[in-house]
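A.B. asks: You'll find final.txt just under this line, and it carries compact mmCIF, C-alpha atoms and all ligand atoms.
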# COMPACT_ATOMS: atom_id res chain seq x y z
CA MET A 30 26.60 16.15 3.56
CA ILE A 31 23.36 14.22 3.73
CA ASP A 32 20.15 16.14 4.29
CA SER A 33 17.88 14.16 6.58
CA SER A 34 14.98 16.52 7.01
CA ASP A 35 12.90 16.40 3.85
CA LEU A 36 12.35 12.77 2.82
CA ARG A 37 10.69 11.82 6.09
CA MET A 38 8.15 14.60 5.81
CA LYS A 39 7.56 14.42 2.07
CA ARG A 40 3.91 14.59 1.04
CA ILE A 41 2.73 13.79 -2.47
CA PRO A 42 -0.26 15.75 -3.82
CA LEU A 43 -3.24 13.67 -4.94
CA ASN A 44 -5.02 14.57 -8.17
CA HIS A 45 -8.10 16.82 -8.11
CA GLY A 46 -6.57 18.76 -5.20
CA ILE A 47 -7.97 16.31 -2.68
CA GLY A 48 -5.09 16.41 -0.27
CA GLN A 49 -1.63 14.97 0.08
CA MET A 50 -0.33 11.53 0.90
CA PRO A 51 2.69 11.23 3.20
CA ALA A 52 5.28 9.39 1.11
CA LEU A 53 6.35 7.16 4.00
CA GLY A 54 3.53 4.79 4.81
CA PHE A 55 3.10 2.11 7.45
CA GLY A 56 1.43 -1.13 6.28
CA THR A 57 -0.74 -3.12 8.66
CA LEU A 58 -0.53 -6.58 7.12
CA ILE A 59 0.33 -8.16 10.48
CA PRO A 60 -1.03 -11.57 11.50
CA ASP A 61 -1.12 -11.14 15.26
CA PRO A 62 -3.69 -8.75 16.82
CA ALA A 63 -1.48 -7.74 19.76
CA VAL A 64 1.48 -7.13 17.46
CA THR A 65 -0.80 -5.09 15.17
CA ILE A 66 -1.70 -2.79 18.06
CA ALA A 67 1.87 -2.40 19.31
CA ALA A 68 3.37 -1.93 15.83
CA THR A 69 0.74 0.66 14.82
CA ARG A 70 1.35 2.58 18.05
CA ASP A 71 5.13 2.43 17.53
CA ALA A 72 4.81 3.60 13.92
CA LEU A 73 2.75 6.63 14.96
CA GLU A 74 5.23 7.33 17.72
CA ALA A 75 8.17 7.11 15.29
CA GLY A 76 6.55 9.70 13.01
CA PHE A 77 4.55 7.72 10.44
CA ARG A 78 1.35 9.54 9.48
CA HIS A 79 0.16 7.29 6.66
CA PHE A 80 -1.50 3.96 7.53
CA ASP A 81 -2.45 1.31 5.01
CA CYS A 82 -5.14 -1.18 6.03
CA ALA A 83 -7.42 -3.72 4.36
CA GLU A 84 -10.63 -5.53 5.10
CA ARG A 85 -8.74 -8.72 4.11
CA TYR A 86 -6.05 -8.25 6.77
CA GLY A 87 -8.68 -9.00 9.43
CA ASN A 88 -7.28 -6.44 11.87
CA GLU A 89 -8.98 -3.12 11.11
CA ARG A 90 -10.42 -3.04 14.66
CA GLU A 91 -6.96 -3.36 16.21
CA VAL A 92 -5.48 -0.73 13.89
CA GLY A 93 -8.38 1.61 14.65
CA ARG A 94 -7.98 1.11 18.39
CA ALA A 95 -4.24 1.78 18.25
CA LEU A 96 -4.72 4.88 16.13
CA GLN A 97 -7.41 6.33 18.38
CA ALA A 98 -5.27 5.78 21.48
CA GLY A 99 -2.17 7.16 19.78
CA LEU A 100 -3.89 10.26 18.41
CA ALA A 101 -5.36 11.05 21.82
CA ALA A 102 -2.07 10.47 23.68
CA LYS A 103 -0.01 12.53 21.28
CA ARG A 104 -2.73 15.14 20.63
CA ILE A 105 -2.62 14.49 16.91
CA ALA A 106 -5.72 15.49 14.91
CA ARG A 107 -7.46 12.96 12.65
CA GLU A 108 -6.77 15.33 9.72
CA ASP A 109 -3.05 14.96 10.37
CA ILE A 110 -3.01 11.28 9.53
CA PHE A 111 -3.79 9.59 6.23
CA VAL A 112 -5.74 6.33 6.41
CA THR A 113 -6.38 3.90 3.58
CA THR A 114 -8.31 0.67 3.50
CA LYS A 115 -9.26 -1.72 0.70
CA LEU A 116 -12.31 -3.38 -0.78
CA TRP A 117 -11.86 -7.16 -0.90
CA ASN A 118 -12.41 -9.34 -3.99
CA SER A 119 -15.65 -10.90 -2.71
CA ASN A 120 -17.26 -7.44 -2.51
CA HIS A 121 -16.82 -6.28 -6.13
CA ARG A 122 -20.55 -6.35 -6.99
CA PRO A 123 -21.64 -2.69 -7.00
CA GLU A 124 -24.35 -3.25 -4.37
CA ARG A 125 -21.72 -4.73 -1.99
CA VAL A 126 -19.27 -1.81 -2.22
CA GLU A 127 -20.93 0.69 0.11
CA PRO A 128 -21.77 -1.90 2.83
CA ALA A 129 -18.16 -3.14 2.70
CA PHE A 130 -16.86 0.42 2.93
CA GLU A 131 -19.14 1.24 5.88
CA ALA A 132 -18.12 -1.94 7.69
CA SER A 133 -14.43 -1.07 7.32
CA LEU A 134 -15.06 2.47 8.50
CA ASP A 135 -16.92 1.14 11.52
CA ARG A 136 -14.15 -1.34 12.41
CA LEU A 137 -11.55 1.39 12.08
CA GLY A 138 -13.70 3.72 14.20
CA LEU A 139 -13.34 6.54 11.66
CA LYS A 140 -15.78 9.02 10.17
CA TYR A 141 -14.09 9.22 6.80
CA LEU A 142 -11.28 7.57 4.85
CA ASP A 143 -8.52 9.38 3.02
CA LEU A 144 -8.25 6.64 0.42
CA TYR A 145 -10.22 3.54 -0.52
CA LEU A 146 -8.61 1.05 -2.90
CA ILE A 147 -9.94 -1.89 -4.87
CA HIS A 148 -7.58 -4.48 -3.35
CA THR A 149 -7.15 -6.49 -6.56
CA PRO A 150 -8.78 -6.38 -10.00
CA PHE A 151 -10.05 -9.97 -9.48
CA ALA A 152 -13.69 -10.41 -8.47
CA PHE A 153 -14.35 -13.51 -6.38
CA ARG A 154 -17.77 -15.10 -5.80
CA PRO A 155 -19.76 -12.45 -3.92
CA GLY A 156 -20.41 -13.21 -0.27
CA ASP A 157 -18.88 -13.34 3.15
CA ASP A 158 -16.41 -16.08 2.29
CA GLN A 159 -13.24 -14.14 1.47
CA ASP A 160 -11.58 -17.18 -0.11
CA PRO A 161 -14.28 -19.06 -2.06
CA ARG A 162 -13.06 -22.35 -3.51
CA ASP A 163 -14.64 -25.12 -5.60
CA GLN A 164 -14.40 -28.82 -4.70
CA ASN A 165 -10.97 -28.98 -6.37
CA GLY A 166 -9.61 -26.15 -4.28
CA ASN A 167 -9.67 -23.61 -7.13
CA VAL A 168 -10.73 -20.02 -6.49
CA VAL A 169 -14.28 -19.24 -7.63
CA TYR A 170 -14.17 -16.02 -9.64
CA ASP A 171 -17.18 -13.83 -10.38
CA ARG A 172 -17.44 -13.32 -14.16
CA ASP A 173 -20.59 -11.20 -13.92
CA VAL A 174 -19.02 -7.99 -12.70
CA THR A 175 -16.37 -5.87 -14.44
CA LEU A 176 -13.71 -3.75 -12.82
CA LEU A 177 -15.42 -0.68 -14.27
CA ASP A 178 -18.74 -1.67 -12.59
CA THR A 179 -16.91 -1.77 -9.25
CA TRP A 180 -15.07 1.47 -10.02
CA LYS A 181 -18.37 3.30 -10.60
CA ALA A 182 -19.58 2.20 -7.18
CA MET A 183 -16.30 3.49 -5.72
CA GLU A 184 -16.87 6.84 -7.46
CA SER A 185 -20.23 7.22 -5.78
CA LEU A 186 -18.53 6.89 -2.36
CA VAL A 187 -16.40 9.93 -3.20
CA ASP A 188 -19.48 11.79 -4.44
CA ARG A 189 -21.10 11.20 -1.06
CA GLY A 190 -18.10 12.63 0.79
CA LYS A 191 -17.13 9.69 3.01
CA CYS A 192 -13.96 9.00 1.15
CA ARG A 193 -11.58 11.59 -0.23
CA ALA A 194 -9.85 9.56 -2.89
CA ILE A 195 -10.08 6.18 -4.60
CA GLY A 196 -7.58 3.98 -6.33
CA LEU A 197 -6.52 0.50 -7.33
CA SER A 198 -4.07 -2.07 -6.09
CA ASP A 199 -2.29 -5.07 -7.65
CA ILE A 200 -3.12 -3.77 -11.09
CA SER A 201 -1.18 -4.00 -14.35
CA LEU A 202 -0.71 -1.12 -16.74
CA ASP A 203 -3.03 -2.83 -19.26
CA GLU A 204 -5.80 -3.00 -16.67
CA LEU A 205 -5.21 0.54 -15.41
CA LYS A 206 -5.35 2.31 -18.78
CA PRO A 207 -9.02 1.61 -19.58
CA ILE A 208 -10.08 2.72 -16.09
CA CYS A 209 -8.15 5.97 -16.49
CA GLU A 210 -9.80 6.51 -19.89
CA SER A 211 -13.41 5.87 -18.91
CA ALA A 212 -13.64 6.85 -15.26
CA SER A 213 -15.29 10.11 -14.27
CA ILE A 214 -13.15 10.15 -11.12
CA LYS A 215 -9.64 9.12 -12.15
CA PRO A 216 -7.67 6.81 -9.84
CA ALA A 217 -5.67 8.91 -7.37
CA VAL A 218 -3.31 6.11 -6.34
CA VAL A 219 -2.12 2.70 -7.52
CA GLN A 220 -0.55 0.36 -4.97
CA VAL A 221 1.74 -2.30 -6.43
CA GLU A 222 4.83 -4.31 -5.55
CA ALA A 223 7.92 -2.27 -6.42
CA HIS A 224 11.60 -2.32 -5.38
CA PRO A 225 14.95 -2.36 -7.19
CA TYR A 226 14.30 -5.95 -8.39
CA LEU A 227 10.87 -4.91 -9.73
CA PRO A 228 11.07 -1.19 -10.59
CA GLU A 229 7.85 -1.16 -12.67
CA THR A 230 9.30 1.70 -14.71
CA GLU A 231 6.63 1.71 -17.41
CA LEU A 232 3.81 1.85 -14.88
CA LEU A 233 5.64 4.56 -12.94
CA GLU A 234 6.04 6.66 -16.12
CA PHE A 235 2.34 6.29 -16.91
CA CYS A 236 1.43 7.33 -13.35
CA ARG A 237 3.69 10.38 -13.59
CA GLU A 238 2.05 11.46 -16.86
CA LYS A 239 -1.47 11.04 -15.47
CA GLY A 240 -0.81 12.47 -12.00
CA VAL A 241 -1.53 9.16 -10.27
CA VAL A 242 0.44 8.48 -7.08
CA PHE A 243 2.48 5.29 -7.36
CA LEU A 244 2.49 3.57 -3.95
CA ALA A 245 5.07 0.80 -3.61
CA PHE A 246 4.62 -2.20 -1.36
CA ALA A 247 7.45 -4.61 -0.53
CA PRO A 248 10.08 -1.83 -0.72
CA LEU A 249 12.29 -4.10 1.41
CA GLY A 250 11.42 -7.13 -0.69
CA HIS A 251 9.08 -8.35 2.09
CA GLY A 252 12.24 -8.73 4.20
CA MET A 253 12.95 -12.06 2.47
CA LYS A 254 16.38 -13.59 2.77
CA PRO A 255 18.39 -13.89 0.70
CA GLY A 256 17.04 -10.77 -0.89
CA LEU A 257 17.24 -7.04 -1.32
CA LEU A 258 18.36 -6.27 2.22
CA GLU A 259 21.52 -8.29 1.55
CA ASP A 260 22.13 -7.16 -2.02
CA PRO A 261 25.81 -6.12 -2.29
CA VAL A 262 24.96 -2.87 -4.09
CA ILE A 263 22.51 -1.91 -1.33
CA SER A 264 24.82 -2.88 1.52
CA GLY A 265 27.76 -1.14 -0.17
CA ILE A 266 25.82 2.11 -0.39
CA ALA A 267 24.55 1.66 3.18
CA ALA A 268 28.12 1.39 4.47
CA ARG A 269 29.18 4.43 2.41
CA VAL A 270 26.37 6.73 3.59
CA ARG A 271 26.23 5.26 7.12
CA LYS A 272 22.67 4.14 6.90
CA THR A 273 21.14 0.66 7.08
CA PRO A 274 20.20 -1.32 3.95
CA ALA A 275 16.52 -0.82 4.82
CA GLN A 276 17.00 2.96 5.00
CA VAL A 277 18.77 2.95 1.62
CA LEU A 278 15.92 1.02 -0.03
CA LEU A 279 13.26 3.28 1.46
CA ALA A 280 15.12 6.46 0.48
CA TRP A 281 15.54 5.19 -3.09
CA ALA A 282 11.78 4.61 -3.32
CA VAL A 283 10.90 8.10 -2.08
CA GLN A 284 13.56 9.82 -4.19
CA ARG A 285 12.25 8.21 -7.39
CA GLY A 286 8.93 9.85 -6.67
CA THR A 287 6.91 7.00 -5.23
CA ALA A 288 5.15 6.67 -1.91
CA LEU A 289 5.84 3.43 -0.04
CA LEU A 290 4.54 1.03 2.58
CA THR A 291 6.78 -0.67 5.05
CA THR A 292 5.89 -2.85 8.03
CA PRO A 293 8.37 -2.58 10.88
CA LYS A 294 7.12 -4.64 13.82
CA SER A 295 9.24 -3.23 16.62
CA ALA A 296 9.71 0.29 17.96
CA ALA A 297 13.40 0.23 17.01
CA ARG A 298 12.63 -0.76 13.42
CA ALA A 299 9.85 1.82 13.19
CA ARG A 300 12.38 4.51 14.16
CA GLU A 301 14.93 3.07 11.75
CA ASN A 302 12.52 2.91 8.81
CA PHE A 303 11.28 6.45 9.43
CA ASP A 304 14.75 7.90 9.75
CA ILE A 305 15.67 8.05 6.07
CA SER A 306 17.98 10.55 4.40
CA THR A 307 18.53 11.76 0.87
CA LEU A 308 20.92 9.53 -1.06
CA PRO A 309 23.49 11.07 -3.40
CA GLU A 310 22.70 10.92 -7.12
CA ASP A 311 25.43 8.34 -7.86
CA ALA A 312 23.93 5.97 -5.30
CA LEU A 313 20.51 6.25 -6.95
CA GLU A 314 22.07 5.52 -10.33
CA GLU A 315 23.92 2.53 -8.95
CA ILE A 316 20.65 1.11 -7.61
CA ASN A 317 18.93 1.80 -10.93
CA ARG A 318 21.62 -0.29 -12.66
CA ILE A 319 20.84 -3.44 -10.60
CA GLN A 320 19.96 -6.14 -13.12
CA THR A 321 18.22 -8.71 -10.89
CA ARG A 322 14.50 -9.00 -11.64
CA GLN A 323 12.13 -10.72 -9.24
CA ARG A 324 8.44 -10.50 -8.44
CA LEU A 325 7.81 -11.72 -4.90
CA ASN A 326 4.05 -11.56 -4.66
CA GLN A 327 1.84 -13.40 -7.17
CA VAL A 328 -1.37 -11.64 -6.07
CA VAL A 329 -1.29 -9.49 -9.21
CA LYS A 330 -1.78 -12.65 -11.33
CA THR A 331 -4.57 -14.37 -9.40
CA GLY A 332 -6.04 -12.06 -6.78
CA VAL A 333 -5.01 -14.61 -4.15
CA PRO A 334 -2.91 -12.89 -1.49
CA GLY A 335 0.59 -14.15 -0.97
CA PHE A 336 1.04 -13.06 2.60
CA ILE A 337 -2.27 -13.16 4.43
CA PRO A 338 -2.62 -15.21 7.57
CA HIS A 339 -5.80 -17.10 8.42
CA SER A 340 -7.77 -15.24 11.04
CA GLY A 341 -9.42 -16.90 14.01
N1 LIG B 1 -1.78 -4.59 -2.12
C1 LIG B 1 -1.29 -5.75 -1.81
O1 LIG B 1 -1.64 -6.79 -2.36
C2 LIG B 1 -0.24 -5.82 -0.74
C3 LIG B 1 0.54 -6.97 -0.63
C4 LIG B 1 1.51 -7.00 0.39
C5 LIG B 1 1.67 -5.91 1.23
N2 LIG B 1 0.87 -4.82 1.10
C6 LIG B 1 0.98 -3.67 2.01
O2 LIG B 1 2.32 -3.29 2.08
C7 LIG B 1 2.73 -3.27 3.46
C8 LIG B 1 4.19 -3.50 3.55
O3 LIG B 1 4.47 -4.91 3.57
P1 LIG B 1 5.78 -5.47 3.03
O4 LIG B 1 5.92 -6.89 3.37
O5 LIG B 1 5.76 -5.10 1.62
O6 LIG B 1 6.81 -4.59 3.92
P2 LIG B 1 8.36 -4.56 3.88
O7 LIG B 1 8.71 -3.46 4.83
O8 LIG B 1 8.92 -4.57 2.48
O9 LIG B 1 8.76 -5.96 4.50
C9 LIG B 1 8.42 -6.30 5.81
C10 LIG B 1 9.44 -7.33 6.25
O10 LIG B 1 10.70 -6.66 6.32
C11 LIG B 1 11.23 -6.80 7.61
N3 LIG B 1 11.77 -5.48 8.01
C12 LIG B 1 11.08 -4.35 8.26
N4 LIG B 1 11.94 -3.35 8.57
C13 LIG B 1 13.18 -3.89 8.55
C14 LIG B 1 14.46 -3.35 8.78
N5 LIG B 1 14.64 -2.10 9.13
N6 LIG B 1 15.52 -4.20 8.66
C15 LIG B 1 15.37 -5.48 8.33
N7 LIG B 1 14.17 -6.04 8.09
C16 LIG B 1 13.09 -5.24 8.19
C17 LIG B 1 10.12 -7.25 8.51
O11 LIG B 1 10.69 -8.13 9.43
P3 LIG B 1 10.03 -8.43 10.87
O12 LIG B 1 8.73 -9.12 10.57
O13 LIG B 1 11.04 -9.33 11.49
O14 LIG B 1 9.89 -7.12 11.56
C18 LIG B 1 9.19 -7.96 7.55
O15 LIG B 1 9.56 -9.33 7.42
C19 LIG B 1 1.82 -4.30 4.11
O16 LIG B 1 1.74 -4.19 5.51
C20 LIG B 1 0.53 -3.97 3.43
O17 LIG B 1 -0.04 -2.82 4.01
C21 LIG B 1 -0.06 -4.75 0.11
Taking this structure as input, can you express it in the form of structure tokens?
C.D. replies:
Amino acid sequence: MIDSSDLRMKRIPLNHGIGQMPALGFGTLIPDPAVTIAATRDALEAGFRHFDCAERYGNEREVGRALQAGLAAKRIAREDIFVTTKLWNSNHRPERVEPAFEASLDRLGLKYLDLYLIHTPFAFRPGDDQDPRDQNGNVVYDRDVTLLDTWKAMESLVDRGKCRAIGLSDISLDELKPICESASIKPAVVQVEAHPYLPETELLEFCREKGVVFLAFAPLGHGMKPGLLEDPVISGIAARVRKTPAQVLLAWAVQRGTALLTTPKSAARARENFDISTLPEDALEEINRIQTRQRLNQVVKTGVPGFIPHSG
């Protein structure tokens, strides 16, 4: 008998007692503004209460508008949803952090954020150009600011009460360790690519030890085909437990103790991706034995996003 009640509502405590993150998160990396609004509304309607945004996605206004309308229509309180956004690479200089944060907050139409992440550990040339390039087309990095400098500016946002928690994204274990050692406010969350082809077990273990929430993106392998959604182990389990491959992958992620972000773009898929059920232990073990290894998103190596559309 499969229990369907708990996984959907699971909330993971953040360190320092600063609240809880709903394990099932909706990601807003959606190129089209109208689709952003509809998909965000549908996700809220389906039951998602965790929304992941970013300055770099270029659609914080649309997400904010959809959330405000949805909260009002469904009489949901702001405190009942969890909203994250991210500081982009061209804003790593400490003096740029608070203005970037305030601009995101304003676009989202919110008074506070639940979580603010450094989008990648790579600092780009400071300025309004989000994708600075030299004459040869190479990214212009900023060598005059360290990740710790940026982290300290993030800490001061928490101190001033506009942001409940801070964390990092697209970070390796080697880059995370020194921040955890020297920070006065430890990272509450790390957001990285993770799925059965990239389980990131060592990073997950470290996060467990330190009480850092591990937040997986690409739990469906970015929906790429061929890929995870068609993996014979996943489809075999899906047939056995009478769920879809997507539901199996999402349940696996939550049951191994991570939070996740998924981006269904239709109401039907939002309902499908929210409607996950506990998998039996042998199914989890079978997934853990998958040998294929594949990283889909190279952002962790360069800071250049793999899946961001050009705005305007
Ligand atoms: N920190 C970072 O650098 C970073 C990088 C990437 C993503 N993210 C975050 O993670 C979020 C999740 O993005 P993701 O690409 O990783 O999401 P995902 O859910 O793994 O993949 C989304 C893709 O899967 C498809 N899909 C969704 N539900 C499905 C279902 N039930 N059955 C079959 N296909 C399904 C979608 O297809 P359709 O388009 O056809 O609906 C889409 O192509 C983003 O929105 C963003 O918030 C962060």
A.B. asks: Mind giving me the straight-line distance from CA of Asn44 (chain A) to CA of Leu227 (chain A) in Å, one decimal?
C.D. replies: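 Straight-line distance from CA of Asn44 (chain A) to CA of Leu227 (chain A) works out to 25.2 Å.
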A.B. asks: Mind listing the residues within 7 Å of ligand LIG 1 (chain B), all atoms listed in the file counted, as a ChimeraX atom specification?
C.D. replies: /A:55-59,81-82,148-149,198-199,220-221,246-253,258,275-276,290-295,298,301-302,328,334,336
A.B. asks: Compile the contact shell of Ala223 (chain A) as a PyMOL selection string: residues with an atom at most 10 Å away, counting only C-alpha atoms, same-chain residues fewer than 5 positions apart removed.
C.D. replies: chain A and resi 228-230+233+243-250+282+287+289+323-325
A.B. asks: One number please: CA of Leu142 (chain A) to CA of Val112 (chain A), in Å, one decimal.
C.D. replies: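 Between CA of Leu142 (chain A) and CA of Val112 (chain A) the gap works out to 5.9 Å.
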A.B. asks: How many Å separate CA of Val187 (chain A) from CA of Ala106 (chain A)?
C.D. replies: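 That distance, rounded to one decimal, is 21.7 Å.
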A.B. asks: Have a look at A:His45, A:Lys181, A:Arg78, A:Lys115 and name the one nearest to Leu100 (chain A); count only C-alpha atoms.
C.D. replies: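 Between A:His45, A:Lys181, A:Arg78, A:Lys115, the residue approaching Leu100 (chain A) most closely is A:Arg78.
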A.B. asks: Nearest to Asp143 (chain A) among A:Asp158, A:Asp173, A:Asn118, A:Phe111, with distances taken over only C-alpha atoms: which residue is it?
C.D. replies: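 With only C-alpha atoms as the atom set, the closest residue is A:Phe111.
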